[in-house]
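Data block for my_file-v5.txt (compact mmCIF, C-alpha atoms):
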# COMPACT_ATOMS: atom_id res chain seq x y z
CA MET A 900 -110.84 -159.96 55.23
CA ALA A 901 -112.26 -156.43 55.54
CA THR A 902 -112.83 -154.75 52.20
CA THR A 903 -114.70 -151.56 53.10
CA PRO A 904 -114.00 -148.94 55.78
CA LEU A 905 -117.23 -149.97 57.55
CA GLU A 906 -116.12 -153.58 57.73
CA ARG A 907 -112.74 -152.49 59.05
CA ARG A 908 -114.38 -150.38 61.75
CA VAL A 909 -116.69 -153.24 62.70
CA GLN A 910 -113.65 -155.49 63.07
CA VAL A 911 -111.80 -152.98 65.26
CA ALA A 912 -114.90 -152.41 67.43
CA GLY A 913 -115.37 -156.17 67.67
CA ILE A 914 -111.81 -156.74 68.85
CA VAL A 915 -112.14 -154.05 71.53
CA LEU A 916 -115.48 -155.53 72.64
CA LEU A 917 -113.98 -159.02 72.73
CA LEU A 918 -111.19 -157.79 74.99
CA GLY A 919 -113.73 -156.08 77.26
CA LEU A 920 -115.93 -159.18 77.49
CA ILE A 921 -112.97 -161.46 78.19
CA VAL A 922 -111.84 -159.11 80.97
CA GLU A 923 -115.43 -159.13 82.30
CA VAL A 924 -115.44 -162.93 82.49
CA LEU A 925 -112.11 -162.87 84.35
CA SER A 926 -113.31 -160.19 86.76
CA LEU A 927 -116.54 -162.14 87.43
CA LEU A 928 -114.45 -165.09 88.58
CA GLY A 929 -112.79 -162.90 91.23
CA ARG A 930 -114.50 -161.69 94.41
CA GLY A 931 -112.15 -159.13 95.90
CA ALA A 932 -111.55 -155.44 95.46
CA ILE A 933 -109.05 -155.98 92.62
CA ALA A 934 -111.68 -157.85 90.58
CA PHE A 935 -114.08 -154.96 91.20
CA LEU A 936 -111.46 -152.43 90.07
CA VAL A 937 -110.65 -154.45 86.95
CA PHE A 938 -114.36 -154.61 86.13
CA ALA A 939 -115.06 -150.93 86.76
CA GLY A 940 -111.82 -149.62 85.31
CA LEU A 941 -110.78 -151.85 82.44
CA CYS A 942 -113.77 -153.94 81.39
CA ALA A 943 -116.33 -151.11 81.41
CA THR A 944 -113.92 -148.83 79.54
CA LEU A 945 -113.22 -151.41 76.83
CA ILE A 946 -116.87 -152.33 76.33
CA ILE A 947 -118.01 -148.71 76.18
CA ALA A 948 -115.12 -147.89 73.82
CA GLY A 949 -116.08 -150.84 71.59
CA ILE A 950 -119.71 -149.73 71.44
CA LEU A 951 -118.69 -146.14 70.66
CA LEU A 952 -116.27 -147.30 67.94
CA TYR A 953 -119.07 -149.33 66.36
CA LEU A 954 -121.53 -146.42 66.53
CA HIS A 955 -118.91 -144.06 65.11
CA GLY A 956 -118.30 -146.55 62.33
CA ILE A 957 -121.92 -146.81 61.26
CA VAL A 958 -122.55 -143.06 61.60
CA SER A 959 -119.50 -142.12 59.51
CA SER A 960 -120.45 -144.83 57.01
CA ALA A 961 -123.92 -143.29 56.70
CA GLN A 962 -122.39 -139.83 56.25
CA HIS A 963 -120.01 -141.02 53.49
CA PRO A 964 -121.77 -143.96 51.82
CA GLU A 965 -119.75 -143.46 48.61
CA ARG A 966 -116.52 -144.51 50.38
CA ASP A 967 -118.03 -147.85 51.34
CA ALA A 968 -119.72 -148.32 47.99
CA ASP A 969 -116.53 -147.59 45.98
CA LYS A 970 -114.45 -150.31 47.62
CA MET B 102 -127.19 -164.61 91.83
CA GLU B 103 -124.40 -166.40 93.66
CA ASN B 104 -123.35 -168.52 90.72
CA PRO B 105 -122.17 -166.46 87.74
CA ILE B 106 -122.38 -169.39 85.32
CA ILE B 107 -125.48 -168.10 83.48
CA LEU B 108 -123.97 -164.66 83.07
CA ILE B 109 -120.67 -166.13 81.88
CA ALA B 110 -122.53 -168.34 79.39
CA PHE B 111 -124.38 -165.26 78.10
CA ILE B 112 -121.09 -163.38 77.73
CA GLY B 113 -119.68 -166.44 75.94
CA LEU B 114 -122.56 -166.32 73.47
CA CYS B 115 -121.93 -162.62 72.92
CA ILE B 116 -118.21 -163.32 72.35
CA ALA B 117 -119.05 -166.05 69.81
CA LEU B 118 -121.38 -163.73 67.88
CA ILE B 119 -118.81 -160.93 67.85
CA CYS B 120 -116.18 -163.38 66.56
CA VAL B 121 -118.48 -164.18 63.61
CA PHE B 122 -118.53 -160.49 62.65
CA VAL B 123 -114.81 -160.01 63.25
CA PHE B 124 -113.87 -162.94 60.99
CA ARG B 125 -116.65 -162.38 58.45
CA PRO B 126 -117.25 -158.62 58.39
CA GLY B 127 -118.88 -158.93 54.97
CA ILE B 128 -122.09 -159.99 56.74
CA THR B 129 -122.74 -156.32 57.48
CA ALA B 130 -123.29 -155.67 53.75
CA THR B 131 -126.88 -156.95 53.89
CA GLN B 132 -129.80 -155.30 55.73
CA GLY B 133 -130.24 -158.34 57.94
CA GLY B 134 -126.53 -158.36 58.72
CA LYS B 135 -126.65 -154.69 59.71
CA ALA B 136 -129.54 -155.35 62.08
CA MET B 137 -127.74 -158.36 63.52
CA ALA B 138 -124.55 -156.29 63.94
CA PHE B 139 -126.51 -153.66 65.88
CA LEU B 140 -127.79 -156.37 68.20
CA VAL B 141 -124.35 -157.95 68.64
CA PHE B 142 -122.26 -154.76 68.89
CA PHE B 143 -124.68 -152.55 70.82
CA VAL B 144 -127.54 -154.33 72.60
CA LEU B 145 -125.78 -157.48 73.84
CA PRO B 146 -122.64 -155.74 75.18
CA ILE B 147 -124.83 -153.27 77.10
CA LEU B 148 -126.76 -156.18 78.60
CA CYS B 149 -123.50 -157.97 79.51
CA LEU B 150 -122.09 -154.82 81.07
CA GLY B 151 -125.31 -154.09 82.97
CA ALA B 152 -125.61 -157.62 84.31
CA GLY B 153 -121.94 -157.64 85.30
CA PHE B 154 -122.31 -154.26 86.99
CA SER B 155 -125.34 -155.46 88.93
CA ARG B 156 -123.48 -158.58 90.05
CA LYS B 157 -120.37 -156.66 91.08
CA MET B 158 -122.47 -154.12 93.00
CA SER B 159 -124.23 -156.91 94.83
CA GLN B 160 -120.93 -158.68 95.50
CA SER B 161 -119.38 -155.48 96.88
CA LYS B 162 -121.93 -155.57 99.74
CA SER B 163 -120.62 -158.90 100.98
CA THR B 164 -118.62 -159.29 104.16
CA LYS B 165 -116.04 -161.34 102.23
CA PHE B 166 -115.55 -158.46 99.81
CA CYS B 167 -114.93 -155.94 102.61
CA LEU B 168 -112.52 -158.29 104.35
CA SER B 169 -110.62 -159.05 101.14
CA CYS B 170 -108.35 -156.07 101.91
CA HIS B 171 -105.74 -157.13 104.48
CA ILE B 172 -106.17 -153.89 106.36
CA MET B 173 -109.73 -154.95 107.25
CA GLU B 174 -108.79 -158.36 108.63
CA PRO B 175 -108.67 -157.23 112.29
CA TYR B 176 -112.15 -155.74 111.86
CA GLY B 177 -113.39 -159.07 110.55
CA LYS B 178 -111.76 -160.80 113.49
CA SER B 179 -113.43 -158.37 115.90
CA LEU B 180 -116.80 -159.77 114.79
CA GLN B 181 -115.87 -163.04 116.52
CA ILE B 182 -114.99 -161.54 119.91
CA ASP B 183 -116.74 -163.50 122.64
CA ASP B 184 -118.06 -160.54 124.62
CA PRO B 185 -121.60 -159.16 124.35
CA MET B 186 -120.35 -155.67 125.19
CA HIS B 187 -118.65 -155.52 121.81
CA LEU B 188 -121.35 -154.01 119.65
CA ALA B 189 -120.27 -155.25 116.22
CA ALA B 190 -119.54 -158.75 117.51
CA SER B 191 -122.87 -159.09 119.30
CA HIS B 192 -124.76 -157.89 116.21
CA PHE B 193 -122.87 -160.32 113.98
CA GLN B 194 -123.11 -163.33 116.28
CA ASN B 195 -126.80 -162.85 117.14
CA HIS B 196 -127.97 -162.33 113.55
CA ARG B 197 -128.98 -158.73 114.20
CA VAL B 198 -127.32 -158.11 110.85
CA PRO B 199 -127.09 -160.62 107.99
CA ARG B 200 -123.70 -162.28 108.35
CA ASP B 201 -122.98 -162.23 104.63
CA GLN B 202 -123.53 -158.45 104.51
CA ALA B 203 -122.47 -157.49 108.02
CA CYS B 204 -120.20 -154.55 107.14
CA TYR B 205 -122.55 -153.05 104.58
CA THR B 206 -125.64 -153.30 106.79
CA CYS B 207 -124.17 -151.07 109.49
CA HIS B 208 -121.90 -148.91 107.38
CA THR B 209 -124.26 -147.96 104.59
CA ASN B 210 -126.14 -144.71 104.76
CA TYR B 211 -129.91 -145.04 105.18
CA ALA B 212 -130.65 -141.56 103.84
CA MET B 213 -131.66 -140.69 100.27
CA PHE B 214 -129.00 -141.87 97.80
CA GLY B 215 -127.35 -143.53 100.81
CA GLY B 216 -126.49 -146.67 98.89
CA MET B 217 -124.75 -144.56 96.25
CA LYS B 218 -122.83 -142.63 98.93
CA ALA B 219 -121.76 -145.91 100.51
CA LYS B 220 -120.46 -147.13 97.15
CA LEU B 221 -118.53 -143.89 96.63
CA SER B 222 -117.04 -144.28 100.10
CA GLY B 223 -116.06 -147.81 99.12
CA LEU B 224 -114.30 -146.48 96.03
CA ARG B 225 -112.50 -144.00 98.29
CA HIS B 226 -111.40 -146.90 100.50
CA ILE B 227 -110.02 -148.70 97.44
CA TYR B 228 -108.24 -145.55 96.27
CA VAL B 229 -106.63 -145.00 99.67
CA TYR B 230 -105.73 -148.67 99.97
CA TYR B 231 -104.04 -149.01 96.58
CA LEU B 232 -102.91 -145.49 95.70
CA GLY B 233 -102.90 -143.55 98.95
CA ASN B 234 -101.25 -143.92 102.30
CA PRO B 235 -103.45 -146.36 104.24
CA PRO B 236 -103.35 -146.03 108.03
CA ARG B 237 -102.69 -148.99 110.29
CA PRO B 238 -105.87 -150.95 111.11
CA ALA B 239 -106.10 -149.59 114.64
CA GLU B 240 -105.85 -146.01 113.36
CA ILE B 241 -108.64 -146.26 110.81
CA LYS B 242 -111.39 -143.71 111.42
CA LEU B 243 -114.74 -143.18 109.78
CA TYR B 244 -114.87 -140.33 107.25
CA GLU B 245 -117.80 -138.87 109.21
CA PRO B 246 -119.00 -139.52 112.77
CA TYR B 247 -121.33 -142.51 112.92
CA HIS B 248 -124.93 -141.34 112.58
CA ASN B 249 -127.65 -142.77 114.84
CA ARG B 250 -129.90 -143.00 111.78
CA GLU B 251 -128.04 -146.16 110.80
CA CYS B 252 -128.83 -147.80 114.18
CA LEU B 253 -132.41 -146.50 114.25
CA HIS B 254 -133.08 -147.94 110.80
CA CYS B 255 -133.55 -151.26 112.60
CA HIS B 256 -133.96 -150.35 116.25
CA ALA B 257 -136.51 -147.53 116.05
CA GLY B 258 -139.87 -148.90 117.08
CA ALA B 259 -138.39 -152.08 118.53
CA ARG B 260 -139.71 -152.77 122.03
CA SER B 261 -136.28 -153.57 123.43
CA PHE B 262 -135.08 -150.17 122.27
CA GLU B 263 -138.14 -147.99 122.92
CA GLU B 264 -138.89 -149.49 126.35
CA GLY B 265 -135.32 -150.30 127.37
CA VAL B 266 -134.61 -149.17 130.93
CA VAL B 267 -131.68 -146.95 130.09
CA HIS B 268 -133.23 -145.48 126.95
CA SER B 269 -136.53 -144.58 128.61
CA SER B 270 -135.33 -143.60 132.09
CA ASP B 271 -134.56 -140.06 131.02
CA PRO B 272 -137.28 -138.61 128.77
CA THR B 273 -134.82 -136.27 127.09
CA LEU B 274 -132.43 -139.08 126.20
CA MET B 275 -134.70 -140.75 123.65
CA GLU B 276 -135.22 -137.41 121.90
CA ALA B 277 -131.47 -136.78 121.92
CA ILE B 278 -130.80 -140.22 120.44
CA LYS B 279 -133.41 -139.87 117.72
CA SER B 280 -132.16 -136.41 116.75
CA ASN B 281 -128.54 -137.67 116.72
CA GLN B 282 -127.55 -135.22 119.48
CA THR B 283 -126.41 -138.10 121.68
CA SER B 284 -124.54 -140.75 119.78
CA CYS B 285 -125.46 -144.39 120.37
CA ILE B 286 -121.75 -145.17 120.44
CA SER B 287 -120.84 -142.35 122.81
CA SER B 288 -118.95 -142.98 126.00
CA GLY B 289 -120.95 -144.86 128.59
CA CYS B 290 -123.38 -146.29 126.05
CA HIS B 291 -122.42 -148.72 123.25
CA GLU B 292 -118.90 -147.38 123.05
CA THR B 293 -117.03 -150.59 122.22
CA VAL B 294 -117.64 -151.27 118.57
CA HIS B 295 -114.58 -152.74 116.80
CA ASP B 296 -111.87 -152.86 119.45
CA VAL B 297 -109.05 -153.95 117.18
CA ARG B 298 -106.33 -152.68 119.54
CA THR B 299 -107.07 -155.36 122.14
CA LEU B 300 -107.63 -158.31 119.80
CA ASN B 301 -104.69 -160.20 121.29
CA GLU B 302 -106.31 -160.06 124.71
CA GLN B 303 -109.77 -161.21 123.62
CA LYS B 304 -111.46 -164.59 123.63
CA PHE B 305 -113.10 -165.55 120.36
CA TRP B 306 -116.38 -167.26 119.60
CA LYS B 307 -115.93 -170.37 117.49
CA GLY B 308 -119.54 -170.72 116.36
CA ALA B 309 -119.52 -168.86 113.05
CA ASP B 310 -118.02 -170.20 109.82

Could you rewrite the structure in this file as structure tokens?
Amino acid sequence: MATTPLERRVQVAGIVLLLGLIVEVLSLLGRGAIAFLVFAGLCATLIIAGILLYLHGIVSSAQHPERDADK
Amino acid sequence: MENPIILIAFIGLCIALICVFVFRPGITATQGGKAMAFLVFFVLPILCLGAGFSRKMSQSKSTKFCLSCHIMEPYGKSLQIDDPMHLAASHFQNHRVPRDQACYTCHTNYAMFGGMKAKLSGLRHIYVYYLGNPPRPAEIKLYEPYHNRECLHCHAGARSFEEGVVHSSDPTLMEAIKSNQTSCISSGCHETVHDVRTLNEQKFWKGAD
């Protein structure tokens, strides 16, 4: 499916973001302190990690465009 | 926003768009695809996270949220005590505080960044409850003595407070209350707040939900 390093990084970031968003939906269905902890601890971490992975992917792709172009 | 359905639908849309990029990453090869990827991988997740954060923060002010920890159940029950001398119960039953945010209304901090401090205290509660050594309900104490500022946020300027017989009988008392030198909940005043030790001996009001 992924042929270039950028595409691979986008996929990895996407999977992490998907996990974060799914956890967010689950935590929104809960009302108690555990749902709050899951949101603040797990969901926020996964979403921020996914965004950072994506940004890292596009920045490193811009720094080494030949790697993406060669593939 | 009581119903999270719109937010969940928005997150669902975000999930669907991310799935498109995960299964077809080649879209990012074009300029339009790159712009779309930025929207889907950066802008939308931040919006989802922000909206979720706002909702969770709002939810954490609710009485149900505070009483979701078992250790707080007796405090919730004390709001139903059928005795006007019980300060928390009389505030709750007479709508002096909004019932759906009863705990937060009295236990937040009405100083600058008070809301933030209250949230941090809440996180400390959660830490102690799940990872620390929580005391028994009757032994729970406030982290800091209760400040009159929290009472005066509503009562200052109110006729019943300013012209109340006890409050105004001694001219120095009002000054002492307003400067927090004499606590509102000190002995002889409004000393019975949440009397969870005597719950078994109390009568309860059946009027609230």

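Among the candidates A:Gln910, A:Ser926, A:Ser959, A:Thr944, the one nearest to chain B when counting all atoms listed in the file is A:Gln910.
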
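Relative to CA of Val911 (chain A), CA of Thr129 (chain B) is found at 13.8 Å.
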
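Minimum atom-to-atom distances from B:Tyr244, B:Tyr176, B:Tyr211, B:Tyr230 to chain A were compared using all atoms listed in the file, and the lowest value belongs to B:Tyr230.
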
Using 9 Å as the limit and counting all atoms listed in the file, can you tabulate each residue of chain B that touches chain A, with its shortest atom-to-atom distance in Å and the two atoms involved, as CSV?
residue,atom,partner,partner_atom,distance
B:Pro105,CA,A:Leu927,CA,7.1
B:Leu108,CA,A:Val924,CA,8.7
B:Ile109,CA,A:Val924,CA,6.2
B:Ile112,CA,A:Leu920,CA,6.7
B:Gly113,CA,A:Leu920,CA,8.3
B:Cys115,CA,A:Leu920,CA,8.3
B:Ile116,CA,A:Leu917,CA,6.0
B:Ile119,CA,A:Gly913,CA,5.9
B:Cys120,CA,A:Gly913,CA,7.3
B:Phe122,CA,A:Gln910,CA,7.0
B:Val123,CA,A:Gln910,CA,4.7
B:Phe124,CA,A:Met900,CA,7.2
B:Arg125,CA,A:Met900,CA,7.1
B:Pro126,CA,A:Glu906,CA,5.2
B:Gly127,CA,A:Glu906,CA,6.6
B:Ile128,CA,A:Glu906,CA,8.8
B:Thr129,CA,A:Glu906,CA,7.2
B:Ala130,CA,A:Glu906,CA,8.5
B:Ala138,CA,A:Val909,CA,8.5
B:Phe139,CA,A:Tyr953,CA,8.6
B:Phe142,CA,A:Ile950,CA,6.2
B:Phe143,CA,A:Ile950,CA,5.7
B:Pro146,CA,A:Ile946,CA,6.8
B:Ile147,CA,A:Ile946,CA,8.1
B:Cys149,CA,A:Leu920,CA,7.9
B:Leu150,CA,A:Ala943,CA,6.9
B:Gly153,CA,A:Glu923,CA,7.3
B:Phe154,CA,A:Ala939,CA,8.0
B:Arg156,CA,A:Leu927,CA,8.2
B:Lys157,CA,A:Phe935,CA,6.5
B:Met158,CA,A:Phe935,CA,8.6
B:Gln160,CA,A:Arg930,CA,7.2
B:Ser161,CA,A:Phe935,CA,7.8
B:Lys165,CA,A:Gly931,CA,7.8
B:Phe166,CA,A:Gly931,CA,5.2
B:Cys167,CA,A:Ala932,CA,7.9
B:Leu168,CA,A:Gly931,CA,8.5
B:Ser169,CA,A:Gly931,CA,5.5
B:Cys170,CA,A:Ala932,CA,7.2
B:Leu224,CA,A:Leu936,CA,8.9
B:Ile227,CA,A:Ala932,CA,7.2

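Across the structure, CA of Ser288 (chain B) and CA of Leu221 (chain B) are spaced 29.4 Å apart.
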
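Pairwise distance (CA of Glu263 (chain B), CA of Thr206 (chain B)) equals 21.1 Å.
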
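Compared by their closest atoms to Thr299 (chain B), and using only C-alpha atoms, the residues B:Thr164, B:Ser179, B:Gln282, B:Ser155 rank with B:Ser179 nearest.
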
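Ranking B:Arg260, B:Arg237, B:Val141, B:Ala203 by their shortest atom-to-atom distance to Ser191 (chain B), with all atoms listed in the file included, puts B:Ala203 first.
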
Quiz prompt | Residues near Met186 (chain B), cut-off 12 Å, only C-alpha atoms, skip fewer than 4 positions along chain, as a ChimeraX atom specification | solution = /B:179-180,182,190-192,286,289-296

Let's have the selection written as a PDB file, in the coordinates of the input, with C-alpha atoms.
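selection.pdb written:
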ATOM      1  CA  SER B 179    -113.430-158.370 115.900  1.00  0.00           C
ATOM      2  CA  LEU B 180    -116.800-159.770 114.790  1.00  0.00           C
ATOM      3  CA  ILE B 182    -114.990-161.540 119.910  1.00  0.00           C
ATOM      4  CA  ALA B 190    -119.540-158.750 117.510  1.00  0.00           C
ATOM      5  CA  SER B 191    -122.870-159.090 119.300  1.00  0.00           C
ATOM      6  CA  HIS B 192    -124.760-157.890 116.210  1.00  0.00           C
ATOM      7  CA  ILE B 286    -121.750-145.170 120.440  1.00  0.00           C
ATOM      8  CA  GLY B 289    -120.950-144.860 128.590  1.00  0.00           C
ATOM      9  CA  CYS B 290    -123.380-146.290 126.050  1.00  0.00           C
ATOM     10  CA  HIS B 291    -122.420-148.720 123.250  1.00  0.00           C
ATOM     11  CA  GLU B 292    -118.900-147.380 123.050  1.00  0.00           C
ATOM     12  CA  THR B 293    -117.030-150.590 122.220  1.00  0.00           C
ATOM     13  CA  VAL B 294    -117.640-151.270 118.570  1.00  0.00           C
ATOM     14  CA  HIS B 295    -114.580-152.740 116.800  1.00  0.00           C
ATOM     15  CA  ASP B 296    -111.870-152.860 119.450  1.00  0.00           C
TER      16      ASP B 296
END

Would you mind completing region 244-274 of chain B to N, CA and C atoms and writing the output as a PDB file, keeping the file's coordinate frame?
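That gives us result18.pdb:
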ATOM      1  N   TYR B 244    -114.999-141.638 107.906  1.00  0.00           N
ATOM      2  CA  TYR B 244    -114.870-140.330 107.250  1.00  0.00           C
ATOM      3  C   TYR B 244    -115.740-139.288 107.959  1.00  0.00           C
ATOM      4  N   GLU B 245    -116.878-139.753 108.480  1.00  0.00           N
ATOM      5  CA  GLU B 245    -117.800-138.870 109.210  1.00  0.00           C
ATOM      6  C   GLU B 245    -118.209-139.587 110.482  1.00  0.00           C
ATOM      7  N   PRO B 246    -118.558-138.841 111.547  1.00  0.00           N
ATOM      8  CA  PRO B 246    -119.000-139.520 112.770  1.00  0.00           C
ATOM      9  C   PRO B 246    -120.197-140.421 112.472  1.00  0.00           C
ATOM     10  N   TYR B 247    -120.260-141.544 113.170  1.00  0.00           N
ATOM     11  CA  TYR B 247    -121.330-142.510 112.920  1.00  0.00           C
ATOM     12  C   TYR B 247    -122.680-141.893 113.296  1.00  0.00           C
ATOM     13  N   HIS B 248    -123.618-141.974 112.388  1.00  0.00           N
ATOM     14  CA  HIS B 248    -124.930-141.340 112.580  1.00  0.00           C
ATOM     15  C   HIS B 248    -125.912-142.345 113.196  1.00  0.00           C
ATOM     16  N   ASN B 249    -126.666-141.876 114.190  1.00  0.00           N
ATOM     17  CA  ASN B 249    -127.650-142.770 114.840  1.00  0.00           C
ATOM     18  C   ASN B 249    -128.699-143.296 113.873  1.00  0.00           C
ATOM     19  N   ARG B 250    -128.904-142.568 112.785  1.00  0.00           N
ATOM     20  CA  ARG B 250    -129.900-143.000 111.780  1.00  0.00           C
ATOM     21  C   ARG B 250    -129.652-144.444 111.350  1.00  0.00           C
ATOM     22  N   GLU B 251    -128.383-144.805 111.245  1.00  0.00           N
ATOM     23  CA  GLU B 251    -128.040-146.160 110.800  1.00  0.00           C
ATOM     24  C   GLU B 251    -128.474-147.205 111.843  1.00  0.00           C
ATOM     25  N   CYS B 252    -128.381-146.876 113.126  1.00  0.00           N
ATOM     26  CA  CYS B 252    -128.830-147.800 114.180  1.00  0.00           C
ATOM     27  C   CYS B 252    -130.359-147.827 114.202  1.00  0.00           C
ATOM     28  N   LEU B 253    -130.947-146.613 114.109  1.00  0.00           N
ATOM     29  CA  LEU B 253    -132.410-146.500 114.250  1.00  0.00           C
ATOM     30  C   LEU B 253    -133.143-147.111 113.059  1.00  0.00           C
ATOM     31  N   HIS B 254    -132.444-147.298 111.956  1.00  0.00           N
ATOM     32  CA  HIS B 254    -133.080-147.940 110.800  1.00  0.00           C
ATOM     33  C   HIS B 254    -133.709-149.271 111.212  1.00  0.00           C
ATOM     34  N   CYS B 255    -133.011-149.991 112.107  1.00  0.00           N
ATOM     35  CA  CYS B 255    -133.550-151.260 112.600  1.00  0.00           C
ATOM     36  C   CYS B 255    -134.189-151.117 113.981  1.00  0.00           C
ATOM     37  N   HIS B 256    -133.541-150.343 114.847  1.00  0.00           N
ATOM     38  CA  HIS B 256    -133.960-150.350 116.250  1.00  0.00           C
ATOM     39  C   HIS B 256    -135.148-149.445 116.558  1.00  0.00           C
ATOM     40  N   ALA B 257    -135.374-148.416 115.770  1.00  0.00           N
ATOM     41  CA  ALA B 257    -136.510-147.530 116.050  1.00  0.00           C
ATOM     42  C   ALA B 257    -137.803-148.336 116.007  1.00  0.00           C
ATOM     43  N   GLY B 258    -138.597-148.181 117.021  1.00  0.00           N
ATOM     44  CA  GLY B 258    -139.870-148.900 117.080  1.00  0.00           C
ATOM     45  C   GLY B 258    -139.762-150.263 117.741  1.00  0.00           C
ATOM     46  N   ALA B 259    -138.543-150.753 117.900  1.00  0.00           N
ATOM     47  CA  ALA B 259    -138.390-152.080 118.530  1.00  0.00           C
ATOM     48  C   ALA B 259    -138.635-151.935 120.043  1.00  0.00           C
ATOM     49  N   ARG B 260    -139.358-152.866 120.608  1.00  0.00           N
ATOM     50  CA  ARG B 260    -139.710-152.770 122.030  1.00  0.00           C
ATOM     51  C   ARG B 260    -138.467-152.691 122.911  1.00  0.00           C
ATOM     52  N   SER B 261    -137.495-153.534 122.593  1.00  0.00           N
ATOM     53  CA  SER B 261    -136.280-153.570 123.430  1.00  0.00           C
ATOM     54  C   SER B 261    -135.561-152.222 123.425  1.00  0.00           C
ATOM     55  N   PHE B 262    -135.725-151.481 122.341  1.00  0.00           N
ATOM     56  CA  PHE B 262    -135.080-150.170 122.270  1.00  0.00           C
ATOM     57  C   PHE B 262    -135.972-149.095 122.905  1.00  0.00           C
ATOM     58  N   GLU B 263    -137.236-149.060 122.479  1.00  0.00           N
ATOM     59  CA  GLU B 263    -138.140-147.990 122.920  1.00  0.00           C
ATOM     60  C   GLU B 263    -138.430-148.076 124.422  1.00  0.00           C
ATOM     61  N   GLU B 264    -138.539-149.323 124.937  1.00  0.00           N
ATOM     62  CA  GLU B 264    -138.890-149.490 126.350  1.00  0.00           C
ATOM     63  C   GLU B 264    -137.704-149.912 127.205  1.00  0.00           C
ATOM     64  N   GLY B 265    -136.523-149.927 126.615  1.00  0.00           N
ATOM     65  CA  GLY B 265    -135.320-150.300 127.370  1.00  0.00           C
ATOM     66  C   GLY B 265    -135.141-149.371 128.571  1.00  0.00           C
ATOM     67  N   VAL B 266    -134.686-149.940 129.676  1.00  0.00           N
ATOM     68  CA  VAL B 266    -134.610-149.170 130.930  1.00  0.00           C
ATOM     69  C   VAL B 266    -133.749-147.922 130.767  1.00  0.00           C
ATOM     70  N   VAL B 267    -132.589-148.088 130.207  1.00  0.00           N
ATOM     71  CA  VAL B 267    -131.680-146.950 130.090  1.00  0.00           C
ATOM     72  C   VAL B 267    -132.232-145.929 129.093  1.00  0.00           C
ATOM     73  N   HIS B 268    -132.737-146.398 127.987  1.00  0.00           N
ATOM     74  CA  HIS B 268    -133.230-145.480 126.950  1.00  0.00           C
ATOM     75  C   HIS B 268    -134.417-144.650 127.439  1.00  0.00           C
ATOM     76  N   SER B 269    -135.293-145.272 128.244  1.00  0.00           N
ATOM     77  CA  SER B 269    -136.530-144.580 128.610  1.00  0.00           C
ATOM     78  C   SER B 269    -136.490-143.958 130.003  1.00  0.00           C
ATOM     79  N   SER B 270    -135.383-144.143 130.727  1.00  0.00           N
ATOM     80  CA  SER B 270    -135.330-143.600 132.090  1.00  0.00           C
ATOM     81  C   SER B 270    -135.307-142.069 132.083  1.00  0.00           C
ATOM     82  N   ASP B 271    -134.614-141.515 131.138  1.00  0.00           N
ATOM     83  CA  ASP B 271    -134.560-140.060 131.020  1.00  0.00           C
ATOM     84  C   ASP B 271    -135.343-139.658 129.770  1.00  0.00           C
ATOM     85  N   PRO B 272    -136.438-138.923 129.936  1.00  0.00           N
ATOM     86  CA  PRO B 272    -137.280-138.610 128.770  1.00  0.00           C
ATOM     87  C   PRO B 272    -136.535-137.806 127.695  1.00  0.00           C
ATOM     88  N   THR B 273    -135.532-137.076 128.099  1.00  0.00           N
ATOM     89  CA  THR B 273    -134.820-136.270 127.090  1.00  0.00           C
ATOM     90  C   THR B 273    -133.822-137.122 126.289  1.00  0.00           C
ATOM     91  N   LEU B 274    -133.452-138.259 126.869  1.00  0.00           N
ATOM     92  CA  LEU B 274    -132.430-139.080 126.200  1.00  0.00           C
ATOM     93  C   LEU B 274    -132.937-139.642 124.866  1.00  0.00           C
TER      94      LEU B 274
END
